[in-house]
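Q: Here you go, one structure.
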Amino acid sequence: MKMNRVNRNYWLAAVLMIALGAMPAGVSAQSKRDVEQTYVLNQPYETVKLKAPKGKKVKNVILMIGDGMSLMHVYSAWTANRGKLNLDNAMAVGLSKTYCMDKLITDSGAGGTALATGQKTIYHAVGVDAKGNPLTTLVDVAKETNRSAGVVVTCRLNDATPADFCCHNIDRDEAEAITVDYLNCGADFVFGGGSKYFENRTDGRNLFNELQGKGYQVLRSWDELAKAKGGKLFTVTDSLDLPVPAQRGDILAKASLKAIEVLNQNKKGFFLMIEGSQLDDYGHFNDLDMLMQEVHDFDRTIGKVFEWAAQDGETLVIVTADHETGGLTLVDGNLAEGKIVGKFSTGGHSGVMVPVYAFGPGAEQFTGIYENSDIFKKITALKGW
């Protein structure tokens with residue numbers, strides 16, 4: 001049986017916890033969902049207060065995806081940070097319907113493909129239609145119009161969301177085949193994990209060498225990336241996913257700003273997708289503590305991106321999710337203390353609509369209730385894009 005990132009990580013974590021005596025054998029995800037969990041953010045962080053840009057032209061588009069992030073995740077994180085988030089600067093808010101072609105409850109493959117291509121597809125597909133035919137993504141649109149394009153994630157690059165924008169496969173679990181598609185993706189800036197799928201492959205290929213043959217600078221650490229000045233940059237820092245927030249620090253924000261710095265060298269503009277990838281993992285694990293750490297890391301990155309966009313004046317930033325994970329409910333808490341009490345209803349995804357936040361010129365186009373596939377259409381219809 002194939003196991004995706006969440007299933008594999010869950011069982012590895014469970015085995016480790018049993019070995020260390022932290023979890024008795026036989027403890028199930030269901031039993032964890034039967035109890036309320038409490039989280040307190042002991043050191044709240046400062047947020048930015050920004051004035052909305054006054055321009056109307058959209059030169060650049062940044063799409064930020066909190067994988068599995070719902071209104072409940074956002075409101076819980078807001079409460080824990082004493083009633084403030086960088087996301088509060090959003091100029092417009094809408095709701096997105098996430099169902100896919102063959103299931104009411106979608107996954108990151110189908111949900112992300114709708115965002116990336118403007119077409120709904122079947123469960124587990126990435127960047128293709130229901131018959132497996134490749135779809136045009138926002139990365140493709142940017143390149144076809146002589147703009148630059150990039151992808152920044154904290155998961156492995158063959159995972160569903162980055163694959164939705166750069167790769168094409170009917171099955172998101174075809175890890176090695178999906179990774180090969182990066183050779184022809186065309187993105188100018190790629191950052192994430194998953195080096196094991198680029199080298200030491202079962203087919204004997206070394207995709208890092210092949211990427212260099214395509215004109216990329218292949219970088220293997222943040223330190224190497226920080227020194228890079230421009231050109232086509234492909235950075236893979238970890239064998240699988242990036243570490244947890246406490247270990248990786250503010251790498252998502254730093255890599256995002258580096259992407260903006262490099263892509264903005266194109267005078268015609270750019271498209272950038274940034275994903276807070278591991279919110280989804282801890283929704284699946286029903287781990288409120290780690291989930292809030294991931295949401296806050298994502299919000300701090302949003303703050304940095306919003307700040308840049310406010311100064312630039314020609315950049316639209318859209319923040320949304322591909323689906324909801326965990327069925328989190330906020331059942332109690334204390335705003336003054338930054339305390340939340342939450343309870344999960346599932347170890348999988350739920351079917352609730354997810355929020356869409358927009359900041360910058362064109363933000364008013366993202367109010368209302370609409371299909372997730374309409375986000376692509378709204379972006380490509382923008383004045384100047």
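FYI, nothing fancy with the structure tokens labels: chains A, B, ... in order, residues from 1 per chain, ligands from 1 as they appear.
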Tell me, as a PyMOL selection string, which residues lie within 8 Å of Glu371 in chain A, counting only C-alpha atoms; anything in the same chain fewer than 5 positions away does not count.

A: chain A and resi 96-98

Q: Take the residues from that selection and write them out as a compact mmCIF listing (two decimals), in the first residue's frame, keeping N, CA and C atoms.

A:
```
# COMPACT_ATOMS: atom_id res chain seq x y z
N SER A 96 -14.23 30.05 -0.54
CA SER A 96 -13.99 29.16 -1.67
C SER A 96 -14.57 27.78 -1.41
N LYS A 97 -15.29 27.25 -2.41
CA LYS A 97 -15.85 25.89 -2.34
C LYS A 97 -14.82 24.91 -2.89
N THR A 98 -14.48 23.88 -2.11
CA THR A 98 -13.30 23.07 -2.41
C THR A 98 -13.57 21.70 -3.01
```

Q: I want to know what sits within 10 Å of Gln212 in chain A, based on only C-alpha atoms, with residues of the same chain fewer than 6 positions away left out; could you give that as a ChimeraX atom specification?

A: /A:183,218,232-234

Q: Residues as selected, C-alpha atoms, written as a short mmCIF file (atom, residue, chain, number, x, y, z; two decimals), in the first residue's frame, can you do that?

A:
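This went into part_36.cif:
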```
data_model
loop_
_atom_site.label_atom_id
_atom_site.label_comp_id
_atom_site.auth_asym_id
_atom_site.auth_seq_id
_atom_site.Cartn_x
_atom_site.Cartn_y
_atom_site.Cartn_z
CA LEU A 183 12.95 19.52 -15.58
CA VAL A 218 21.27 23.91 -7.95
CA LYS A 232 17.38 30.35 -12.37
CA LEU A 233 17.64 29.00 -8.82
CA PHE A 234 16.60 25.52 -7.70
#
```

Q: Output as JSON lines one row per residue of range 209-294 of chain A within 7 Å of range 331-352 of chain A: the closest atom pair and its distance in Å to one decimal place, counting only C-alpha atoms, sorted by chain and residue number ascending.

A:
```
{"residue": "A:His284", "atom": "CA", "partner": "A:Gly347", "partner_atom": "CA", "distance": 4.6}
{"residue": "A:Phe285", "atom": "CA", "partner": "A:Gly347", "partner_atom": "CA", "distance": 6.4}
{"residue": "A:Asn286", "atom": "CA", "partner": "A:Phe344", "partner_atom": "CA", "distance": 6.2}
```

Q: Create the file for the chosen residues now, containing N, CA and C atoms and written as a PDB file, in the first residue's frame.

A:
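Result went into out01.pdb, see below:
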```
ATOM      1  N   HIS A 284      -3.913  16.574  10.388  1.00  0.00           N
ATOM      2  CA  HIS A 284      -4.072  15.120  10.304  1.00  0.00           C
ATOM      3  C   HIS A 284      -3.697  14.440  11.615  1.00  0.00           C
ATOM      4  N   PHE A 285      -2.629  14.917  12.233  1.00  0.00           N
ATOM      5  CA  PHE A 285      -2.169  14.322  13.488  1.00  0.00           C
ATOM      6  C   PHE A 285      -3.036  14.724  14.679  1.00  0.00           C
ATOM      7  N   ASN A 286      -3.960  15.686  14.445  1.00  0.00           N
ATOM      8  CA  ASN A 286      -4.775  16.236  15.539  1.00  0.00           C
ATOM      9  C   ASN A 286      -3.902  16.782  16.658  1.00  0.00           C
TER      10      ASN A 286
END
```

Q: Which residues are close to Ser277 in chain A, i.e. within 6 Å by only C-alpha atoms, leaving aside same-chain residues fewer than 4 positions away? Reply as a PyMOL selection string.

A: chain A and resi 67+154-155

Q: Keeping only N, CA and C atoms, write those residues as a CSV table (one decimal), in the first residue's frame.

A:
```csv
chain,number,residue,atom,x,y,z
A,67,ASP,N,-1.9,25.0,3.7
A,67,ASP,CA,-2.5,23.7,3.4
A,67,ASP,C,-3.3,23.2,4.5
A,154,THR,N,7.5,24.3,2.3
A,154,THR,CA,8.2,23.7,3.4
A,154,THR,C,8.1,22.2,3.3
A,155,CYS,N,7.5,21.6,2.3
A,155,CYS,CA,7.4,20.2,2.1
A,155,CYS,C,8.4,19.7,1.1
```

Q: Determine the nearest neighbour of Gly112 in chain A from the options A:Leu252, A:Val151, A:Leu71, A:Ala160, counting only C-alpha atoms.

A: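 Ranked by minimum distance to Gly112 in chain A, first place goes to A:Ala160.
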
Q: Could you tell me which of A:Gly283, A:Lys49, A:Ile369, A:Asp223 comes closest to Leu85 in chain A if we count only C-alpha atoms?

A: A:Lys49

Q: Here is a test: counting only C-alpha atoms, which residue of A:Asn266, A:Leu291, A:Pro355, A:Thr325 is nearest to Thr145 in chain A?

A: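 Of all the options, A:Asn266 lies closest to Thr145 in chain A.
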
Q: Give me the residues within 9 Å of Val262 in chain A as a list in words, counting only C-alpha atoms and dropping any in the same chain fewer than 2 places off.

A: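 Residues near the query, excluding close chain neighbours: Asp188, Phe189, Ala228, Lys229, Gly230, Gly231, Lys232, Leu233, Leu257, Lys258, Ala259, Ile260, Asn264, Gln265 and Asn266 of chain A.
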